[in-house]
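Everything below belongs to target-v3.pdb, which stores PDB, C-alpha atoms, pLDDT in the B column.
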```
ATOM      1  CA  MET A   3      22.326  -7.745  18.157  1.00 34.00           C
ATOM      2  CA  SER A   4      21.384 -10.970  19.888  1.00 36.00           C
ATOM      3  CA  ALA A   5      19.310 -13.450  17.905  1.00 38.00           C
ATOM      4  CA  SER A   6      16.278 -13.116  20.170  1.00 37.00           C
ATOM      5  CA  ARG A   7      16.222  -9.346  20.643  1.00 39.00           C
ATOM      6  CA  GLY A   8      12.805  -7.799  20.061  1.00 43.00           C
ATOM      7  CA  TRP A   9      10.906 -11.062  19.664  1.00 43.00           C
ATOM      8  CA  THR A  10       8.113 -10.542  22.180  1.00 42.00           C
ATOM      9  CA  LYS A  11       5.104 -12.705  22.763  1.00 43.00           C
ATOM     10  CA  ILE A  12       2.107 -11.822  20.592  1.00 42.00           C
ATOM     11  CA  VAL A  13      -0.911 -10.409  22.419  1.00 42.00           C
ATOM     12  CA  GLU A  14      -2.915  -8.651  19.646  1.00 47.00           C
ATOM     13  CA  PRO A  15      -6.138 -10.316  18.460  1.00 51.00           C
ATOM     14  CA  TYR A  16      -6.085 -11.676  14.889  1.00 57.00           C
ATOM     15  CA  ARG A  17      -8.498 -13.635  12.753  1.00 66.00           C
ATOM     16  CA  THR A  18      -6.278 -16.729  12.684  1.00 85.00           C
ATOM     17  CA  MET A  19      -3.151 -17.968  14.387  1.00 87.00           C
ATOM     18  CA  HIS A  20      -1.416 -18.033  10.997  1.00 89.00           C
ATOM     19  CA  GLN A  21      -2.081 -14.356  10.324  1.00 90.00           C
ATOM     20  CA  ARG A  22      -1.049 -13.578  13.864  1.00 91.00           C
ATOM     21  CA  VAL A  23       2.400 -15.050  13.457  1.00 94.00           C
ATOM     22  CA  VAL A  24       2.900 -13.714   9.912  1.00 96.00           C
ATOM     23  CA  ASP A  25       2.032 -10.222  11.087  1.00 95.00           C
ATOM     24  CA  GLU A  26       4.344 -10.335  14.088  1.00 94.00           C
ATOM     25  CA  LEU A  27       7.325 -11.680  12.170  1.00 94.00           C
ATOM     26  CA  GLY A  28       6.682  -9.411   9.215  1.00 95.00           C
ATOM     27  CA  ARG A  29       6.550  -6.281  11.356  1.00 94.00           C
ATOM     28  CA  ARG A  30       9.735  -7.241  13.151  1.00 93.00           C
ATOM     29  CA  ILE A  31      11.581  -7.793   9.882  1.00 94.00           C
ATOM     30  CA  VAL A  32      10.323  -4.568   8.278  1.00 94.00           C
ATOM     31  CA  ASN A  33      11.281  -2.645  11.412  1.00 93.00           C
ATOM     32  CA  GLY A  34      14.837  -3.946  11.131  1.00 91.00           C
ATOM     33  CA  LEU A  35      14.933  -6.017  14.306  1.00 90.00           C
ATOM     34  CA  VAL A  36      16.732  -8.690  12.311  1.00 85.00           C
ATOM     35  CA  GLU A  37      19.233  -7.403   9.783  1.00 84.00           C
ATOM     36  CA  PRO A  38      19.502  -8.763   6.217  1.00 88.00           C
ATOM     37  CA  ASP A  39      21.464 -12.023   5.981  1.00 85.00           C
ATOM     38  CA  ARG A  40      21.134 -12.539   9.737  1.00 85.00           C
ATOM     39  CA  PRO A  41      19.366 -15.705  10.907  1.00 88.00           C
ATOM     40  CA  LEU A  42      16.139 -15.795  12.825  1.00 91.00           C
ATOM     41  CA  PRO A  43      16.322 -17.352  16.280  1.00 89.00           C
ATOM     42  CA  VAL A  44      16.255 -21.141  16.188  1.00 88.00           C
ATOM     43  CA  GLU A  45      12.810 -22.611  15.699  1.00 90.00           C
ATOM     44  CA  ASP A  46      12.200 -23.884  19.237  1.00 92.00           C
ATOM     45  CA  THR A  47      13.329 -20.612  20.800  1.00 93.00           C
ATOM     46  CA  LEU A  48      11.308 -18.392  18.486  1.00 92.00           C
ATOM     47  CA  ALA A  49       8.156 -20.517  18.755  1.00 93.00           C
ATOM     48  CA  ALA A  50       8.371 -20.388  22.548  1.00 93.00           C
ATOM     49  CA  GLU A  51       8.925 -16.618  22.585  1.00 90.00           C
ATOM     50  CA  LEU A  52       5.922 -16.041  20.334  1.00 89.00           C
ATOM     51  CA  GLY A  53       3.779 -18.497  22.234  1.00 90.00           C
ATOM     52  CA  VAL A  54       2.931 -20.590  19.158  1.00 92.00           C
ATOM     53  CA  SER A  55       3.565 -24.113  17.916  1.00 92.00           C
ATOM     54  CA  ARG A  56       6.474 -24.968  15.670  1.00 92.00           C
ATOM     55  CA  GLY A  57       3.967 -25.880  12.960  1.00 93.00           C
ATOM     56  CA  ALA A  58       2.376 -22.426  13.097  1.00 93.00           C
ATOM     57  CA  LEU A  59       5.809 -20.822  12.979  1.00 94.00           C
ATOM     58  CA  ARG A  60       6.842 -22.887   9.950  1.00 94.00           C
ATOM     59  CA  GLU A  61       3.714 -21.879   8.036  1.00 95.00           C
ATOM     60  CA  ALA A  62       4.384 -18.215   8.810  1.00 96.00           C
ATOM     61  CA  VAL A  63       7.971 -18.559   7.605  1.00 96.00           C
ATOM     62  CA  LYS A  64       6.682 -20.082   4.339  1.00 96.00           C
ATOM     63  CA  ALA A  65       4.311 -17.141   3.878  1.00 97.00           C
ATOM     64  CA  LEU A  66       7.083 -14.609   4.427  1.00 97.00           C
ATOM     65  CA  ALA A  67       9.383 -16.526   2.082  1.00 97.00           C
ATOM     66  CA  ALA A  68       6.679 -16.211  -0.596  1.00 97.00           C
ATOM     67  CA  LYS A  69       6.797 -12.439  -0.058  1.00 97.00           C
ATOM     68  CA  GLY A  70      10.534 -12.490  -0.748  1.00 97.00           C
ATOM     69  CA  MET A  71      11.452 -11.634   2.848  1.00 97.00           C
ATOM     70  CA  LEU A  72      12.961 -14.893   4.107  1.00 96.00           C
ATOM     71  CA  LEU A  73      15.129 -17.691   2.741  1.00 95.00           C
ATOM     72  CA  THR A  74      15.323 -21.092   4.413  1.00 91.00           C
ATOM     73  CA  ARG A  75      18.159 -23.494   3.701  1.00 88.00           C
ATOM     74  CA  PRO A  76      19.381 -26.673   5.377  1.00 84.00           C
ATOM     75  CA  ARG A  77      22.131 -26.176   7.956  1.00 78.00           C
ATOM     76  CA  THR A  78      22.151 -22.375   7.612  1.00 80.00           C
ATOM     77  CA  GLY A  79      18.632 -21.820   8.968  1.00 85.00           C
ATOM     78  CA  THR A  80      16.207 -19.080   8.019  1.00 92.00           C
ATOM     79  CA  ARG A  81      17.648 -15.698   7.056  1.00 94.00           C
ATOM     80  CA  VAL A  82      16.214 -12.305   6.229  1.00 95.00           C
ATOM     81  CA  LEU A  83      16.695 -11.317   2.593  1.00 95.00           C
ATOM     82  CA  PRO A  84      17.703  -7.797   1.517  1.00 94.00           C
ATOM     83  CA  ARG A  85      14.828  -5.346   1.081  1.00 93.00           C
ATOM     84  CA  GLU A  86      15.475  -5.197  -2.657  1.00 94.00           C
ATOM     85  CA  GLN A  87      14.213  -8.787  -2.920  1.00 96.00           C
ATOM     86  CA  TRP A  88      10.943  -8.212  -1.046  1.00 96.00           C
ATOM     87  CA  ASN A  89       7.635  -8.005  -2.889  1.00 95.00           C
ATOM     88  CA  HIS A  90       6.865  -4.377  -2.135  1.00 92.00           C
ATOM     89  CA  LEU A  91       3.470  -4.635  -3.848  1.00 91.00           C
ATOM     90  CA  ASP A  92       2.341  -7.279  -1.365  1.00 93.00           C
ATOM     91  CA  ARG A  93      -0.537  -5.951   0.739  1.00 91.00           C
ATOM     92  CA  ASP A  94       1.028  -7.038   4.031  1.00 94.00           C
ATOM     93  CA  VAL A  95       4.433  -5.592   3.179  1.00 94.00           C
ATOM     94  CA  LEU A  96       2.805  -2.276   2.237  1.00 92.00           C
ATOM     95  CA  ARG A  97       0.823  -2.286   5.474  1.00 92.00           C
ATOM     96  CA  TRP A  98       3.901  -2.947   7.607  1.00 94.00           C
ATOM     97  CA  GLN A  99       5.828  -0.170   5.856  1.00 91.00           C
ATOM     98  CA  GLN A 100       3.139   2.347   6.797  1.00 88.00           C
ATOM     99  CA  THR A 101       4.386   2.246  10.371  1.00 87.00           C
ATOM    100  CA  SER A 102       8.070   1.483   9.808  1.00 88.00           C
ATOM    101  CA  ASP A 103       8.927   4.136   7.205  1.00 88.00           C
ATOM    102  CA  PRO A 104       5.824   6.158   6.232  1.00 89.00           C
ATOM    103  CA  ARG A 105       7.719   9.012   4.576  1.00 89.00           C
ATOM    104  CA  ARG A 106       9.648   6.659   2.288  1.00 91.00           C
ATOM    105  CA  LEU A 107       6.447   4.805   1.429  1.00 91.00           C
ATOM    106  CA  LEU A 108       4.614   8.027   0.549  1.00 92.00           C
ATOM    107  CA  ARG A 109       7.517   9.127  -1.644  1.00 93.00           C
ATOM    108  CA  ASP A 110       7.581   5.782  -3.439  1.00 93.00           C
ATOM    109  CA  ILE A 111       3.817   5.888  -3.991  1.00 93.00           C
ATOM    110  CA  GLY A 112       4.031   9.372  -5.482  1.00 93.00           C
ATOM    111  CA  GLU A 113       6.798   8.368  -7.860  1.00 95.00           C
ATOM    112  CA  LEU A 114       4.924   5.265  -8.958  1.00 94.00           C
ATOM    113  CA  ARG A 115       1.757   7.270  -9.572  1.00 95.00           C
ATOM    114  CA  ARG A 116       3.662   9.770 -11.716  1.00 96.00           C
ATOM    115  CA  ALA A 117       5.050   6.924 -13.795  1.00 95.00           C
ATOM    116  CA  VAL A 118       1.769   5.052 -14.280  1.00 96.00           C
ATOM    117  CA  GLU A 119      -1.358   7.187 -13.943  1.00 97.00           C
ATOM    118  CA  PRO A 120      -0.729   9.849 -16.639  1.00 98.00           C
ATOM    119  CA  GLU A 121      -0.215   7.095 -19.207  1.00 98.00           C
ATOM    120  CA  ALA A 122      -3.226   5.191 -17.870  1.00 97.00           C
ATOM    121  CA  ALA A 123      -5.348   8.342 -18.246  1.00 98.00           C
ATOM    122  CA  ARG A 124      -4.112   8.881 -21.797  1.00 98.00           C
ATOM    123  CA  LEU A 125      -4.981   5.307 -22.720  1.00 98.00           C
ATOM    124  CA  ALA A 126      -8.328   5.480 -20.931  1.00 98.00           C
ATOM    125  CA  ALA A 127      -9.369   8.480 -23.005  1.00 98.00           C
ATOM    126  CA  GLY A 128      -9.025   6.347 -26.113  1.00 97.00           C
ATOM    127  CA  ARG A 129     -10.214   2.992 -24.798  1.00 97.00           C
ATOM    128  CA  ALA A 130     -12.764   3.491 -22.022  1.00 97.00           C
ATOM    129  CA  GLY A 131     -16.190   2.029 -22.611  1.00 96.00           C
ATOM    130  CA  PRO A 132     -19.501   3.146 -21.058  1.00 96.00           C
ATOM    131  CA  GLY A 133     -18.999   0.828 -18.082  1.00 97.00           C
ATOM    132  CA  HIS A 134     -15.605   2.307 -17.326  1.00 97.00           C
ATOM    133  CA  THR A 135     -16.757   5.910 -17.398  1.00 98.00           C
ATOM    134  CA  ARG A 136     -19.848   5.014 -15.393  1.00 98.00           C
ATOM    135  CA  ALA A 137     -17.616   3.509 -12.693  1.00 98.00           C
ATOM    136  CA  MET A 138     -15.518   6.686 -12.607  1.00 98.00           C
ATOM    137  CA  PHE A 139     -18.536   8.985 -12.314  1.00 98.00           C
ATOM    138  CA  GLU A 140     -20.145   6.767  -9.665  1.00 98.00           C
ATOM    139  CA  ALA A 141     -16.954   6.922  -7.610  1.00 98.00           C
ATOM    140  CA  LEU A 142     -16.827  10.694  -8.138  1.00 98.00           C
ATOM    141  CA  ALA A 143     -20.410  11.032  -6.909  1.00 97.00           C
ATOM    142  CA  ALA A 144     -19.476   9.033  -3.809  1.00 97.00           C
ATOM    143  CA  MET A 145     -16.490  11.335  -3.250  1.00 96.00           C
ATOM    144  CA  GLU A 146     -18.711  14.414  -3.525  1.00 96.00           C
ATOM    145  CA  SER A 147     -21.260  12.917  -1.143  1.00 95.00           C
ATOM    146  CA  ALA A 148     -18.618  12.001   1.426  1.00 94.00           C
ATOM    147  CA  ALA A 149     -16.773  15.330   1.188  1.00 92.00           C
ATOM    148  CA  SER A 150     -19.220  17.078   3.521  1.00 86.00           C
ATOM    149  CA  ARG A 151     -18.853  14.502   6.299  1.00 85.00           C
ATOM    150  CA  PRO A 152     -16.372  14.969   9.137  1.00 75.00           C
ATOM    151  CA  GLU A 153     -15.000  11.428   8.863  1.00 81.00           C
ATOM    152  CA  LEU A 154     -12.723  10.821   5.866  1.00 86.00           C
ATOM    153  CA  ASP A 155     -13.029   7.033   5.613  1.00 91.00           C
ATOM    154  CA  GLU A 156     -15.830   7.052   3.049  1.00 93.00           C
ATOM    155  CA  TYR A 157     -14.146   9.757   0.988  1.00 94.00           C
ATOM    156  CA  VAL A 158     -10.844   7.857   0.882  1.00 93.00           C
ATOM    157  CA  GLU A 159     -12.657   4.650  -0.079  1.00 95.00           C
ATOM    158  CA  ALA A 160     -14.445   6.440  -2.929  1.00 96.00           C
ATOM    159  CA  ASP A 161     -11.200   8.100  -4.046  1.00 96.00           C
ATOM    160  CA  ILE A 162      -9.504   4.701  -4.250  1.00 95.00           C
ATOM    161  CA  ALA A 163     -12.442   3.373  -6.295  1.00 96.00           C
ATOM    162  CA  PHE A 164     -12.090   6.315  -8.700  1.00 97.00           C
ATOM    163  CA  HIS A 165      -8.406   5.709  -9.353  1.00 96.00           C
ATOM    164  CA  ARG A 166      -8.909   1.961  -9.610  1.00 95.00           C
ATOM    165  CA  ALA A 167     -11.628   2.626 -12.225  1.00 97.00           C
ATOM    166  CA  LEU A 168      -9.218   4.875 -14.126  1.00 97.00           C
ATOM    167  CA  LEU A 169      -6.576   2.141 -14.279  1.00 97.00           C
ATOM    168  CA  ASP A 170      -9.195  -0.381 -15.405  1.00 96.00           C
ATOM    169  CA  ALA A 171     -10.389   2.066 -18.069  1.00 97.00           C
ATOM    170  CA  SER A 172      -6.888   2.147 -19.555  1.00 97.00           C
ATOM    171  CA  GLY A 173      -7.539  -1.256 -21.100  1.00 96.00           C
ATOM    172  CA  ASN A 174      -4.156  -2.420 -19.850  1.00 96.00           C
ATOM    173  CA  ARG A 175      -4.768  -5.426 -17.616  1.00 94.00           C
ATOM    174  CA  LEU A 176      -1.434  -4.987 -15.852  1.00 94.00           C
ATOM    175  CA  PHE A 177      -2.411  -1.445 -14.861  1.00 94.00           C
ATOM    176  CA  GLY A 178      -5.713  -2.763 -13.546  1.00 90.00           C
ATOM    177  CA  SER A 179      -4.004  -5.443 -11.478  1.00 91.00           C
ATOM    178  CA  LEU A 180      -1.508  -2.890 -10.194  1.00 89.00           C
ATOM    179  CA  GLY A 181      -4.360  -0.709  -8.960  1.00 86.00           C
ATOM    180  CA  ARG A 182      -5.844  -3.548  -6.955  1.00 85.00           C
ATOM    181  CA  ALA A 183      -2.441  -4.472  -5.539  1.00 85.00           C
ATOM    182  CA  LEU A 184      -1.861  -0.860  -4.465  1.00 85.00           C
ATOM    183  CA  ASP A 185      -5.152  -0.359  -2.611  1.00 88.00           C
ATOM    184  CA  VAL A 186      -3.412  -0.393   0.769  1.00 87.00           C
ATOM    185  CA  ALA A 187      -0.741   2.078  -0.336  1.00 88.00           C
ATOM    186  CA  LEU A 188      -3.259   4.403  -1.994  1.00 90.00           C
ATOM    187  CA  GLU A 189      -5.429   4.333   1.113  1.00 90.00           C
ATOM    188  CA  HIS A 190      -2.445   5.446   3.165  1.00 87.00           C
ATOM    189  CA  SER A 191      -1.508   8.185   0.683  1.00 91.00           C
ATOM    190  CA  PHE A 192      -5.060   9.506   0.245  1.00 91.00           C
ATOM    191  CA  ALA A 193      -5.712   9.528   3.986  1.00 89.00           C
ATOM    192  CA  VAL A 194      -2.637  11.719   4.542  1.00 90.00           C
ATOM    193  CA  SER A 195      -3.266  14.033   1.575  1.00 89.00           C
ATOM    194  CA  SER A 196      -6.887  14.607   2.672  1.00 90.00           C
ATOM    195  CA  GLN A 197      -6.050  15.779   6.191  1.00 86.00           C
ATOM    196  CA  THR A 198      -5.288  19.453   5.565  1.00 84.00           C
ATOM    197  CA  PRO A 199      -8.248  21.891   5.654  1.00 86.00           C
ATOM    198  CA  GLY A 200      -9.862  22.364   2.261  1.00 90.00           C
ATOM    199  CA  ALA A 201      -7.928  19.542   0.596  1.00 91.00           C
ATOM    200  CA  VAL A 202     -10.976  17.353  -0.002  1.00 93.00           C
ATOM    201  CA  GLU A 203     -13.075  20.139  -1.511  1.00 93.00           C
ATOM    202  CA  ALA A 204     -10.192  21.278  -3.714  1.00 93.00           C
ATOM    203  CA  SER A 205      -9.684  17.774  -5.072  1.00 94.00           C
ATOM    204  CA  LEU A 206     -13.184  17.390  -6.500  1.00 96.00           C
ATOM    205  CA  PRO A 207     -13.016  19.698  -9.574  1.00 96.00           C
ATOM    206  CA  PRO A 208      -9.833  18.132 -11.000  1.00 97.00           C
ATOM    207  CA  HIS A 209     -11.278  14.654 -10.504  1.00 98.00           C
ATOM    208  CA  ARG A 210     -14.397  15.721 -12.428  1.00 98.00           C
ATOM    209  CA  ALA A 211     -12.219  17.246 -15.155  1.00 98.00           C
ATOM    210  CA  LEU A 212     -10.361  13.942 -15.435  1.00 98.00           C
ATOM    211  CA  ALA A 213     -13.553  11.886 -15.663  1.00 98.00           C
ATOM    212  CA  GLU A 214     -14.951  14.199 -18.339  1.00 98.00           C
ATOM    213  CA  ALA A 215     -11.711  14.134 -20.333  1.00 98.00           C
ATOM    214  CA  VAL A 216     -11.804  10.338 -20.337  1.00 98.00           C
ATOM    215  CA  GLU A 217     -15.493  10.319 -21.271  1.00 98.00           C
ATOM    216  CA  TYR A 218     -14.974  12.614 -24.270  1.00 98.00           C
ATOM    217  CA  GLY A 219     -11.728  11.031 -25.435  1.00 98.00           C
ATOM    218  CA  ARG A 220      -9.435  13.973 -24.685  1.00 98.00           C
ATOM    219  CA  SER A 221      -6.214  12.132 -23.998  1.00 98.00           C
ATOM    220  CA  ALA A 222      -3.915  15.136 -23.436  1.00 98.00           C
ATOM    221  CA  GLU A 223      -6.417  16.723 -21.042  1.00 98.00           C
ATOM    222  CA  ALA A 224      -6.857  13.456 -19.164  1.00 98.00           C
ATOM    223  CA  SER A 225      -3.114  13.010 -18.719  1.00 98.00           C
ATOM    224  CA  ALA A 226      -2.679  16.624 -17.575  1.00 97.00           C
ATOM    225  CA  ALA A 227      -5.618  16.325 -15.161  1.00 97.00           C
ATOM    226  CA  ILE A 228      -4.267  13.291 -13.353  1.00 97.00           C
ATOM    227  CA  LEU A 229      -0.813  14.836 -13.147  1.00 97.00           C
ATOM    228  CA  ALA A 230      -2.355  17.910 -11.525  1.00 96.00           C
ATOM    229  CA  ILE A 231      -4.162  15.643  -9.028  1.00 96.00           C
ATOM    230  CA  ILE A 232      -0.917  13.850  -8.169  1.00 96.00           C
ATOM    231  CA  GLU A 233       1.025  17.105  -7.739  1.00 95.00           C
ATOM    232  CA  SER A 234      -1.698  18.541  -5.504  1.00 94.00           C
ATOM    233  CA  ALA A 235      -1.687  15.380  -3.396  1.00 93.00           C
ATOM    234  CA  GLU A 236       2.079  15.601  -3.002  1.00 93.00           C
ATOM    235  CA  GLN A 237       1.761  19.192  -1.791  1.00 92.00           C
ATOM    236  CA  GLU A 238      -0.937  18.238   0.720  1.00 90.00           C
ATOM    237  CA  ILE A 239       1.165  15.308   1.958  1.00 90.00           C
ATOM    238  CA  ALA A 240       4.143  17.616   2.470  1.00 89.00           C
ATOM    239  CA  ARG A 241       1.954  19.998   4.472  1.00 85.00           C
ATOM    240  CA  SER A 242       0.470  17.188   6.545  1.00 79.00           C
ATOM    241  CA  MET A 243       3.871  15.700   7.342  1.00 73.00           C
ATOM    242  CA  ALA A 244       5.369  19.090   8.196  1.00 64.00           C
ATOM    243  CA  PHE A 245       2.493  20.061  10.501  1.00 49.00           C
ATOM    244  CA  PRO A 246       1.040  16.870  11.980  1.00 47.00           C
ATOM    245  CA  ALA A 247      -2.390  17.086  13.575  1.00 44.00           C
TER
END
```

Would you write out, as structure tokens, the structure that this file holds?
Amino acid sequence: MSASRGWTKIVEPYRTMHQRVVDELGRRIVNGLVEPDRPLPVEDTLAAELGVSRGALREAVKALAAKGMLLTRPRTGTRVLPREQWNHLDRDVLRWQQTSDPRRLLRDIGELRRAVEPEAARLAAGRAGPGHTRAMFEALAAMESAASRPELDEYVEADIAFHRALLDASGNRLFGSLGRALDVALEHSFAVSSQTPGAVEASLPPHRALAEAVEYGRSAEASAAILAIIESAEQEIARSMAFPA
């Protein structure tokens, strides 16, 4: 592969020049247009190809280095790091992976949810205060209200709020932070799992059962309820991916 292959000039509108360049370089790296341990094109060449200043390019490289994607050293230039070193909880990295490898991302999300959410539900049943349960029931009400609408955006947003409230209710601050970091990934997963006919309506009773189990301190029921929600979502995702709309 030549050093400059795939580096096209940016034409999409972005809020800032910085985000523009970060997004372009990040997508190219995630899509494998530069292999791990291979250098990026030299600064002058890459800046010219992207239509940006060298200063803007340097700031973008710094941002991607902070995400664990690039390493810059004197004399050897800037190189792409192996995927194992990337921050896969970074919102941008998650967003880029939605288009580069959506099946792998959905699998990883499902496995992470299985590892975290049943334990979070168990803890929430013993630790949740009135504010936590209120947040869960408010999100559930928003899910129920949005379920009858043809557009899924509001339902997915409410579903994310419900699961974020569950992680907060666990009383484990790391779980709560993880939920906020995973918003982008959960949005992607929930949007796919909600596509098949009847999936939204079928998801409401188990979410209510989970909220009630947390409210009444039934830890085993709460853990089982969230596991059932995750398994159902995985089935809906498999159906959606097998028979795309």

Picked residues, the PyMOL selection byres ((chain A and resi 219) around 12), expected as a CSV table (one decimal) with C-alpha atoms, keeping the file's coordinate frame:
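expr-v2.csv written:
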```csv
chain,number,residue,atom,x,y,z
A,123,ALA,CA,-5.3,8.3,-18.2
A,124,ARG,CA,-4.1,8.9,-21.8
A,125,LEU,CA,-5.0,5.3,-22.7
A,126,ALA,CA,-8.3,5.5,-20.9
A,127,ALA,CA,-9.4,8.5,-23.0
A,128,GLY,CA,-9.0,6.3,-26.1
A,129,ARG,CA,-10.2,3.0,-24.8
A,130,ALA,CA,-12.8,3.5,-22.0
A,131,GLY,CA,-16.2,2.0,-22.6
A,132,PRO,CA,-19.5,3.1,-21.1
A,135,THR,CA,-16.8,5.9,-17.4
A,171,ALA,CA,-10.4,2.1,-18.1
A,172,SER,CA,-6.9,2.1,-19.6
A,212,LEU,CA,-10.4,13.9,-15.4
A,213,ALA,CA,-13.6,11.9,-15.7
A,214,GLU,CA,-15.0,14.2,-18.3
A,215,ALA,CA,-11.7,14.1,-20.3
A,216,VAL,CA,-11.8,10.3,-20.3
A,217,GLU,CA,-15.5,10.3,-21.3
A,218,TYR,CA,-15.0,12.6,-24.3
A,220,ARG,CA,-9.4,14.0,-24.7
A,221,SER,CA,-6.2,12.1,-24.0
A,222,ALA,CA,-3.9,15.1,-23.4
A,223,GLU,CA,-6.4,16.7,-21.0
A,224,ALA,CA,-6.9,13.5,-19.2
A,225,SER,CA,-3.1,13.0,-18.7
```

- Select, from A:Ala122, A:Ala226, A:Leu108, A:Met71, the residue with the minimum atom-to-atom distance to A:Gly173, counting all atoms listed in the file.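 Closest candidate: A:Ala122.
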
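If you look at atom CA of A:Val32 and atom CA of A:Val82, they are 9.9 Å away from each other.
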
- Apply the PyMOL selection byres ((chain A and resi 48-65) around 6) to the file shown and report the selected residues as a PyMOL selection string. chain A and resi 11-12+23-24+43+45-47+66-68

- Task: Would you translate the PyMOL selection byres ((chain A and resi 210) around 10) into the concrete set of residues it matches in this file, as a list in words?
- Result: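 Here the PyMOL selection byres ((chain A and resi 210) around 10) matches Met138, Phe139, Leu142, Ala143, Glu146, Ser205, Leu206, Pro207, Pro208, His209, Ala211, Leu212, Ala213, Glu214, Ala215, Val216 and Ala227 of chain A.
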
- Please, what distance in Å, to one decimal, runs between atom CA of A:His20 and atom CA of A:Ser102? 21.7 Å

- Task: Just give me the gap between atom CA of A:Asn174 and atom CA of A:Arg136 in Å, one decimal is fine.
- Result: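 A separation of 17.9 Å between them.
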
- Task: Would you kindly identify which residues have an atom no farther than 12 Å from (3.4, 9.4, -7.7), using only C-alpha atoms and the file's own coordinates, and write them out as a VMD selection string?
- Result: chain A and resid 107 to 120 184 187 to 188 191 to 192 228 to 237 239

- Rank A:Gly70, A:Gly34, A:Pro199, A:Gly181 by their smallest atom-to-atom distance to A:Leu154, using only C-alpha atoms, and report the top residue only.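 Using only C-alpha atoms, A:Leu154 sits closest to A:Pro199.
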
- Query: Between A:Arg175, A:Arg182, A:Arg241, A:Arg22, which one has atoms that come closest to A:Gln197, using all atoms listed in the file?
  - Reply: A:Arg241

Give me stretch 83-87 of chain A with all heavy atoms filled in, as an mmCIF file, in the frame of the given file.
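Written file, part.cif:
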```cif
data_model
loop_
_atom_site.group_PDB
_atom_site.id
_atom_site.type_symbol
_atom_site.label_atom_id
_atom_site.label_comp_id
_atom_site.auth_asym_id
_atom_site.auth_seq_id
_atom_site.Cartn_x
_atom_site.Cartn_y
_atom_site.Cartn_z
ATOM 1 N N LEU A 83 16.147 -11.751 3.874
ATOM 2 C CA LEU A 83 16.695 -11.317 2.593
ATOM 3 C C LEU A 83 16.765 -9.794 2.522
ATOM 4 O O LEU A 83 16.029 -9.094 3.222
ATOM 5 C CB LEU A 83 15.827 -11.847 1.450
ATOM 6 C CG LEU A 83 15.884 -13.356 1.229
ATOM 7 C CD1 LEU A 83 14.849 -13.785 0.196
ATOM 8 C CD2 LEU A 83 17.277 -13.784 0.792
ATOM 9 N N PRO A 84 17.633 -9.254 1.678
ATOM 10 C CA PRO A 84 17.703 -7.797 1.517
ATOM 11 C C PRO A 84 16.368 -7.223 1.057
ATOM 12 O O PRO A 84 15.593 -7.891 0.359
ATOM 13 C CB PRO A 84 18.779 -7.624 0.433
ATOM 14 C CG PRO A 84 19.582 -8.869 0.485
ATOM 15 C CD PRO A 84 18.634 -9.964 0.868
ATOM 16 N N ARG A 85 16.102 -5.985 1.416
ATOM 17 C CA ARG A 85 14.828 -5.346 1.081
ATOM 18 C C ARG A 85 14.577 -5.308 -0.423
ATOM 19 O O ARG A 85 13.427 -5.305 -0.862
ATOM 20 C CB ARG A 85 14.784 -3.922 1.643
ATOM 21 C CG ARG A 85 14.659 -3.884 3.156
ATOM 22 C CD ARG A 85 14.706 -2.472 3.703
ATOM 23 N NE ARG A 85 14.641 -2.474 5.156
ATOM 24 C CZ ARG A 85 13.526 -2.290 5.864
ATOM 25 N NH1 ARG A 85 12.382 -2.065 5.233
ATOM 26 N NH2 ARG A 85 13.539 -2.307 7.179
ATOM 27 N N GLU A 86 15.632 -5.248 -1.207
ATOM 28 C CA GLU A 86 15.475 -5.197 -2.657
ATOM 29 C C GLU A 86 14.788 -6.446 -3.208
ATOM 30 O O GLU A 86 14.226 -6.414 -4.309
ATOM 31 C CB GLU A 86 16.842 -5.030 -3.332
ATOM 32 C CG GLU A 86 17.502 -3.684 -3.112
ATOM 33 C CD GLU A 86 18.102 -3.540 -1.714
ATOM 34 O OE1 GLU A 86 18.295 -4.575 -1.029
ATOM 35 O OE2 GLU A 86 18.379 -2.396 -1.325
ATOM 36 N N GLN A 87 14.810 -7.540 -2.456
ATOM 37 C CA GLN A 87 14.213 -8.787 -2.920
ATOM 38 C C GLN A 87 12.786 -8.969 -2.422
ATOM 39 O O GLN A 87 12.108 -9.917 -2.829
ATOM 40 C CB GLN A 87 15.077 -9.974 -2.492
ATOM 41 C CG GLN A 87 16.472 -9.947 -3.105
ATOM 42 C CD GLN A 87 17.250 -11.214 -2.827
ATOM 43 O OE1 GLN A 87 16.711 -12.314 -2.870
ATOM 44 N NE2 GLN A 87 18.537 -11.068 -2.527
#
```
